[in-house]
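**Q** My structure is stored as upload-v9.cif, with mmCIF, C-alpha atoms.
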```
data_start
#
loop_
_atom_site.group_PDB
_atom_site.id
_atom_site.type_symbol
_atom_site.label_atom_id
_atom_site.label_comp_id
_atom_site.auth_asym_id
_atom_site.auth_seq_id
_atom_site.Cartn_x
_atom_site.Cartn_y
_atom_site.Cartn_z
ATOM 1 C CA MET P 1 0.000 0.000 0.000
ATOM 2 C CA GLU P 2 1.134 3.515 -0.731
ATOM 3 C CA ALA P 3 1.181 6.455 1.649
ATOM 4 C CA ALA P 4 -1.087 9.414 0.978
ATOM 5 C CA TRP P 5 -1.971 12.663 2.730
ATOM 6 C CA TYR P 6 -5.302 12.934 4.548
ATOM 7 C CA VAL P 7 -7.054 15.859 6.246
ATOM 8 C CA VAL P 8 -8.233 15.443 9.826
ATOM 9 C CA HIS P 9 -10.725 17.816 11.459
ATOM 10 C CA THR P 10 -10.050 18.868 15.061
ATOM 11 C CA TYR P 11 -11.747 20.953 17.697
ATOM 12 C CA ALA P 12 -11.005 24.667 17.213
ATOM 13 C CA GLY P 13 -7.617 25.563 18.682
ATOM 14 C CA TYR P 14 -6.656 21.921 19.311
ATOM 15 C CA GLU P 15 -4.450 21.438 16.224
ATOM 16 C CA ASN P 16 -1.117 21.383 18.095
ATOM 17 C CA LYS P 17 -2.552 19.280 20.941
ATOM 18 C CA VAL P 18 -3.865 16.750 18.413
ATOM 19 C CA LYS P 19 -0.453 16.622 16.743
ATOM 20 C CA ALA P 20 1.295 16.017 20.085
ATOM 21 C CA ASN P 21 -1.283 13.399 21.157
ATOM 22 C CA LEU P 22 -0.995 11.590 17.825
ATOM 23 C CA GLU P 23 2.803 11.530 17.972
ATOM 24 C CA LYS P 24 2.670 9.946 21.454
ATOM 25 C CA ARG P 25 0.021 7.397 20.438
ATOM 26 C CA ILE P 26 1.848 6.464 17.215
ATOM 27 C CA GLU P 27 5.005 5.758 19.192
ATOM 28 C CA SER P 28 3.265 3.860 22.006
ATOM 29 C CA MET P 29 1.229 1.726 19.581
ATOM 30 C CA ASP P 30 4.234 1.129 17.265
ATOM 31 C CA MET P 31 2.569 2.634 14.164
ATOM 32 C CA GLU P 32 5.619 4.521 12.797
ATOM 33 C CA ASP P 33 5.540 2.199 9.762
ATOM 34 C CA ARG P 34 2.032 3.424 8.783
ATOM 35 C CA ILE P 35 1.772 7.042 9.963
ATOM 36 C CA PHE P 36 4.694 9.199 8.838
ATOM 37 C CA ASN P 37 4.066 12.957 9.054
ATOM 38 C CA ILE P 38 1.644 15.143 10.964
ATOM 39 C CA ILE P 39 1.524 18.789 9.936
ATOM 40 C CA VAL P 40 -0.412 21.748 11.285
ATOM 41 C CA PRO P 41 -0.340 24.018 8.206
ATOM 42 C CA THR P 42 0.973 27.451 9.227
ATOM 43 C CA GLU P 43 2.599 30.431 7.570
ATOM 44 C CA ASP P 44 4.624 33.332 8.936
ATOM 45 C CA GLN P 45 2.624 36.479 9.607
ATOM 46 C CA ILE P 46 4.481 39.741 10.106
ATOM 47 C CA GLU P 47 2.967 42.285 12.484
ATOM 48 C CA ILE P 48 4.321 45.678 13.430
ATOM 49 C CA LYS P 49 3.512 46.679 17.000
ATOM 50 C CA ALA P 50 4.970 49.755 18.690
ATOM 51 C CA GLY P 51 7.412 50.125 15.799
ATOM 52 C CA GLU P 52 8.807 46.611 16.206
ATOM 53 C CA LYS P 53 8.463 43.865 13.638
ATOM 54 C CA LYS P 54 7.103 40.628 15.101
ATOM 55 C CA VAL P 55 6.820 37.352 13.190
ATOM 56 C CA SER P 56 4.165 34.899 14.346
ATOM 57 C CA LYS P 57 2.741 31.670 12.967
ATOM 58 C CA LYS P 58 -0.768 31.847 11.526
ATOM 59 C CA ARG P 59 -2.771 28.701 10.846
ATOM 60 C CA ILE P 60 -3.564 28.353 7.159
ATOM 61 C CA PHE P 61 -6.483 25.967 7.812
ATOM 62 C CA PRO P 62 -7.798 26.451 11.369
ATOM 63 C CA SER P 63 -9.210 23.243 12.908
ATOM 64 C CA TYR P 64 -7.407 20.992 10.391
ATOM 65 C CA VAL P 65 -4.287 18.841 10.477
ATOM 66 C CA ILE P 66 -2.829 16.970 7.504
ATOM 67 C CA ILE P 67 -1.356 13.513 7.970
ATOM 68 C CA GLU P 68 0.802 11.394 5.664
ATOM 69 C CA MET P 69 -0.074 7.765 6.262
ATOM 70 C CA ILE P 70 -0.934 4.382 4.851
ATOM 71 C CA LEU P 71 -4.667 4.030 5.447
ATOM 72 C CA THR P 72 -5.502 0.779 7.239
ATOM 73 C CA ASP P 73 -8.214 -0.058 9.738
ATOM 74 C CA GLU P 74 -5.649 0.233 12.548
ATOM 75 C CA SER P 75 -4.233 3.614 11.451
ATOM 76 C CA TRP P 76 -7.749 4.985 10.853
ATOM 77 C CA TYR P 77 -8.854 3.809 14.322
ATOM 78 C CA LEU P 78 -5.780 5.272 16.053
ATOM 79 C CA ILE P 79 -6.305 8.726 14.531
ATOM 80 C CA ARG P 80 -10.106 8.745 14.743
ATOM 81 C CA ASN P 81 -10.010 7.899 18.455
ATOM 82 C CA THR P 82 -7.402 10.482 19.471
ATOM 83 C CA SER P 83 -8.513 13.202 21.871
ATOM 84 C CA GLY P 84 -9.428 16.405 19.988
ATOM 85 C CA VAL P 85 -10.063 14.705 16.624
ATOM 86 C CA THR P 86 -13.606 14.990 15.260
ATOM 87 C CA GLY P 87 -12.998 12.953 12.102
ATOM 88 C CA PHE P 88 -11.426 12.615 8.674
ATOM 89 C CA ILE P 89 -12.457 14.706 5.683
ATOM 90 C CA GLY P 90 -14.171 12.464 3.150
ATOM 91 C CA THR P 91 -17.488 11.117 2.012
ATOM 92 C CA GLY P 92 -19.637 8.566 3.792
ATOM 93 C CA GLY P 93 -17.146 8.170 6.619
ATOM 94 C CA LYS P 94 -14.405 7.131 4.167
ATOM 95 C CA PRO P 95 -11.309 9.387 4.195
ATOM 96 C CA ILE P 96 -10.343 10.805 0.807
ATOM 97 C CA PRO P 97 -6.629 11.489 0.193
ATOM 98 C CA LEU P 98 -5.412 14.872 -1.000
ATOM 99 C CA MET P 99 -4.113 15.104 -4.553
ATOM 100 C CA GLU P 100 -0.326 15.452 -4.824
ATOM 101 C CA GLU P 101 -0.702 18.963 -6.309
ATOM 102 C CA GLU P 102 -2.739 20.076 -3.273
ATOM 103 C CA VAL P 103 -0.126 18.722 -0.873
ATOM 104 C CA GLN P 104 2.690 20.438 -2.771
ATOM 105 C CA LYS P 105 0.813 23.779 -2.679
ATOM 106 C CA ILE P 106 0.311 23.517 1.086
ATOM 107 C CA LEU P 107 3.921 22.501 1.738
ATOM 108 C CA LYS P 108 5.235 25.205 -0.589
ATOM 109 C CA LYS P 109 3.153 27.858 1.198
ATOM 110 C CA MET P 110 4.726 26.645 4.447
ATOM 111 C CA GLY P 111 8.203 26.760 2.883
ATOM 112 C CA MET P 112 8.758 23.015 3.162
ATOM 113 C CA SER P 113 8.006 21.524 -0.237
ATOM 114 C CA THR P 114 9.177 17.934 -0.644
ATOM 115 C CA TYR P 115 9.789 17.337 -4.326
ATOM 116 C CA LYS P 116 9.746 13.622 -5.189
ATOM 117 C CA GLY P 117 10.262 13.911 -8.914
ATOM 118 C CA LYS P 118 13.366 13.636 -11.015
ATOM 119 C CA MET P 119 15.499 16.581 -12.106
ATOM 120 C CA ASP P 120 17.711 16.061 -15.126
ATOM 121 C CA TYR P 121 19.888 19.108 -14.545
ATOM 122 C CA GLU P 122 23.567 19.284 -13.667
ATOM 123 C CA ILE P 123 25.679 21.981 -12.053
ATOM 124 C CA GLY P 124 27.169 24.129 -14.808
ATOM 125 C CA GLN P 125 24.358 23.367 -17.279
ATOM 126 C CA SER P 126 22.750 26.231 -19.218
ATOM 127 C CA VAL P 127 18.987 26.620 -18.732
ATOM 128 C CA ARG P 128 16.279 29.032 -19.864
ATOM 129 C CA VAL P 129 13.800 30.456 -17.341
ATOM 130 C CA THR P 130 10.247 29.713 -18.552
ATOM 131 C CA ASP P 131 8.127 31.299 -15.820
ATOM 132 C CA GLY P 132 8.103 34.232 -13.452
ATOM 133 C CA PRO P 133 9.727 37.660 -13.537
ATOM 134 C CA PHE P 134 12.908 36.298 -15.160
ATOM 135 C CA ASP P 135 11.050 34.629 -18.059
ATOM 136 C CA ASN P 136 13.326 34.035 -21.105
ATOM 137 C CA PHE P 137 16.550 34.768 -19.194
ATOM 138 C CA VAL P 138 19.308 32.218 -19.777
ATOM 139 C CA GLY P 139 21.509 31.195 -16.887
ATOM 140 C CA VAL P 140 23.784 28.517 -15.484
ATOM 141 C CA VAL P 141 22.771 26.034 -12.761
ATOM 142 C CA GLN P 142 24.864 26.718 -9.651
ATOM 143 C CA GLU P 143 23.130 24.526 -7.009
ATOM 144 C CA ILE P 144 20.515 21.761 -7.000
ATOM 145 C CA ASP P 145 18.228 21.032 -4.027
ATOM 146 C CA MET P 146 16.602 17.681 -4.848
ATOM 147 C CA GLU P 147 14.573 17.598 -1.625
ATOM 148 C CA LYS P 148 12.777 20.864 -2.366
ATOM 149 C CA GLY P 149 12.853 20.600 -6.160
ATOM 150 C CA LYS P 150 14.707 23.905 -6.462
ATOM 151 C CA LEU P 151 17.620 25.159 -8.525
ATOM 152 C CA LYS P 152 19.914 28.119 -7.929
ATOM 153 C CA VAL P 153 20.592 29.637 -11.338
ATOM 154 C CA VAL P 154 23.013 32.494 -12.056
ATOM 155 C CA ILE P 155 21.674 34.906 -14.700
ATOM 156 C CA SER P 156 23.234 38.022 -16.167
ATOM 157 C CA MET P 157 21.160 41.087 -15.353
ATOM 158 C CA PHE P 158 22.270 44.699 -15.874
ATOM 159 C CA GLY P 159 25.770 43.392 -16.636
ATOM 160 C CA ARG P 160 26.047 41.592 -13.282
ATOM 161 C CA GLU P 161 25.885 37.947 -12.315
ATOM 162 C CA THR P 162 22.739 37.476 -10.208
ATOM 163 C CA PRO P 163 21.818 34.198 -8.457
ATOM 164 C CA ILE P 164 18.091 33.374 -8.356
ATOM 165 C CA GLU P 165 16.244 30.416 -6.834
ATOM 166 C CA LEU P 166 13.714 28.686 -9.089
ATOM 167 C CA ASP P 167 11.401 25.688 -8.920
ATOM 168 C CA HIS P 168 12.357 22.746 -11.143
ATOM 169 C CA ASN P 169 9.392 23.463 -13.422
ATOM 170 C CA GLN P 170 10.414 27.101 -14.038
ATOM 171 C CA VAL P 171 13.366 26.167 -16.285
ATOM 172 C CA GLU P 172 14.101 24.174 -19.402
ATOM 173 C CA GLU P 173 17.272 22.976 -21.095
ATOM 174 C CA VAL P 174 18.828 25.356 -23.607
#
```
Translate this structure into structure tokens?
**A**
Amino acid sequence: MEAAWYVVHTYAGYENKVKANLEKRIESMDMEDRIFNIIVPTEDQIEIKAGEKKVSKKRIFPSYVIIEMILTDESWYLIRNTSGVTGFIGTGGKPIPLMEEEVQKILKKMGMSTYKGKMDYEIGQSVRVTDGPFDNFVGVVQEIDMEKGKLKVVISMFGRETPIELDHNQVEEV
């Protein structure tokens, strides 16, 4: 069976408590081989109070937690019967997994995208930017981050070498 991401509904304000409770239960019931990641989707929110900049975490989806797991009767039961959990998101009581694109959007918004594809680029290779503000610029790959699916590309702009970070799907071979 293959792991997928599922959305779990919690009581309002209980997202972090549910995550902590689940982590304890997963360890005590030896379910690490079926339940892999538990994420409370948050993003940084910048507030300026009394002239000082303060960064705080804001929940992207209040009352929801996303979980990467292999869905079995045992894993479903463990999560469903954890304090603070009201249920899975799905139809007819059956959890429905998120599509990979949805998961990548959430993780990217949180700054923790986990790219699982294949990148056929090498350091020193020339590439053309195909998307974003640097569209049609040609540059050279300087770094490759396989885990995040990102490339650092050096382009020439205003007569200067400028490094930019791009997603794997924002470039093509020249």
**Q** Residue by residue, what does the PyMOL selection byres ((chain P and resi 55) around 6) grab here? Present the result as a list in words.
**A** Gln45, Ile46, Lys54 and Ser56 of chain P
**Q** Would you write out, as a short mmCIF file (atom, residue, chain, number, x, y, z; two decimals) with C-alpha atoms, in the frame of the given file, every residue that the PyMOL selection byres ((chain P and resi 140-157) around 6) captures in this file?
**A**
```cif
data_model
loop_
_atom_site.label_atom_id
_atom_site.label_comp_id
_atom_site.auth_asym_id
_atom_site.auth_seq_id
_atom_site.Cartn_x
_atom_site.Cartn_y
_atom_site.Cartn_z
CA SER P 113 8.01 21.52 -0.24
CA THR P 114 9.18 17.93 -0.64
CA TYR P 115 9.79 17.34 -4.33
CA ILE P 123 25.68 21.98 -12.05
CA GLY P 124 27.17 24.13 -14.81
CA GLN P 125 24.36 23.37 -17.28
CA SER P 126 22.75 26.23 -19.22
CA GLY P 139 21.51 31.20 -16.89
CA PHE P 158 22.27 44.70 -15.87
CA GLY P 159 25.77 43.39 -16.64
CA ARG P 160 26.05 41.59 -13.28
CA GLU P 161 25.88 37.95 -12.32
CA THR P 162 22.74 37.48 -10.21
CA PRO P 163 21.82 34.20 -8.46
CA ILE P 164 18.09 33.37 -8.36
CA GLU P 165 16.24 30.42 -6.83
CA LEU P 166 13.71 28.69 -9.09
CA ASP P 167 11.40 25.69 -8.92
CA HIS P 168 12.36 22.75 -11.14
#
```
**Q** I'd like the neighbourhood of range 85-93 of chain P as a PyMOL selection string, where a residue qualifies if any of its atoms comes within 8 Å (using only C-alpha atoms), though same-chain residues fewer than 6 positions away should be ignored.
**A** chain P and resi 6-11+18+79
**Q** Generate the output file for the selected residues, C-alpha atoms, as a CSV table (one decimal), keeping the file's coordinate frame.
**A**
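In the end it all went to selection-v5.csv:
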```
chain,number,residue,atom,x,y,z
P,6,TYR,CA,-5.3,12.9,4.5
P,7,VAL,CA,-7.1,15.9,6.2
P,8,VAL,CA,-8.2,15.4,9.8
P,9,HIS,CA,-10.7,17.8,11.5
P,10,THR,CA,-10.0,18.9,15.1
P,11,TYR,CA,-11.7,21.0,17.7
P,18,VAL,CA,-3.9,16.8,18.4
P,79,ILE,CA,-6.3,8.7,14.5
```
**Q** Closest to Asp120 in chain P among P:Asn21, P:Ser28, P:Asn169, P:Asn16, using all atoms listed in the file?
**A** P:Asn169
**Q** Please compute the CA of Lys105 in chain P-CA of Gln170 in chain P distance, one decimal, in Å.
**A** 15.2 Å
**Q** With distances taken over all atoms listed in the file, which residue among P:Pro41, P:Pro95, P:Gly132, P:Gly111 lies nearest Ala4 in chain P?
**A**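 Looking only at the distances to Ala4 in chain P, the closest residue turns out to be P:Pro95.
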**Q** Applied to the shown file, which residues does the PyMOL selection byres ((chain P and resi 31-38) around 10) return, written as a CSV table (one decimal) with C-alpha atoms, keeping the file's coordinate frame?
**A**
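Contents of the output file out28.csv:
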```csv
chain,number,residue,atom,x,y,z
P,1,MET,CA,0.0,0.0,0.0
P,2,GLU,CA,1.1,3.5,-0.7
P,3,ALA,CA,1.2,6.5,1.6
P,4,ALA,CA,-1.1,9.4,1.0
P,5,TRP,CA,-2.0,12.7,2.7
P,6,TYR,CA,-5.3,12.9,4.5
P,7,VAL,CA,-7.1,15.9,6.2
P,8,VAL,CA,-8.2,15.4,9.8
P,16,ASN,CA,-1.1,21.4,18.1
P,18,VAL,CA,-3.9,16.8,18.4
P,19,LYS,CA,-0.5,16.6,16.7
P,20,ALA,CA,1.3,16.0,20.1
P,22,LEU,CA,-1.0,11.6,17.8
P,23,GLU,CA,2.8,11.5,18.0
P,25,ARG,CA,0.0,7.4,20.4
P,26,ILE,CA,1.8,6.5,17.2
P,27,GLU,CA,5.0,5.8,19.2
P,28,SER,CA,3.3,3.9,22.0
P,29,MET,CA,1.2,1.7,19.6
P,30,ASP,CA,4.2,1.1,17.3
P,39,ILE,CA,1.5,18.8,9.9
P,40,VAL,CA,-0.4,21.7,11.3
P,41,PRO,CA,-0.3,24.0,8.2
P,65,VAL,CA,-4.3,18.8,10.5
P,66,ILE,CA,-2.8,17.0,7.5
P,67,ILE,CA,-1.4,13.5,8.0
P,68,GLU,CA,0.8,11.4,5.7
P,69,MET,CA,-0.1,7.8,6.3
P,70,ILE,CA,-0.9,4.4,4.9
P,71,LEU,CA,-4.7,4.0,5.4
P,72,THR,CA,-5.5,0.8,7.2
P,74,GLU,CA,-5.6,0.2,12.5
P,75,SER,CA,-4.2,3.6,11.5
P,76,TRP,CA,-7.7,5.0,10.9
P,78,LEU,CA,-5.8,5.3,16.1
P,79,ILE,CA,-6.3,8.7,14.5
```
**Q** Adding 6 Å on each side of the box along x, y and z that holds all listed atoms of range 118-133 of chain P, could you give its centre and edge lengths in Å to one decimal, as AutoDock Vina command-line options?
**A**
```
--center_x 17.6 --center_y 25.6 --center_z -15.4 --size_x 31.1 --size_y 36.0 --size_z 20.8
```
**Q** Quick check, in Å to one decimal: how far apart do CA of Ser63 in chain P and CA of Gly13 in chain P lie?
**A**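 It comes out at 6.4 Å.
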**Q** Pick out the closest residue to Val171 in chain P from this set: P:Arg80, P:Val129, P:Glu122, P:Asp135. Count all atoms listed in the file.
**A** P:Val129
**Q** Any idea what the distance is between CA of Tyr77 in chain P and CA of Ala12 in chain P?
**A**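 Distance between the two atoms: 21.2 Å.
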**Q** Counting only C-alpha atoms, which residue out of P:Glu15, P:Gly84, P:Pro133, P:Pro97 sits closest to Pro62 in chain P?
**A**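 When distances to Pro62 in chain P are compared using only C-alpha atoms, the smallest one comes from P:Glu15.
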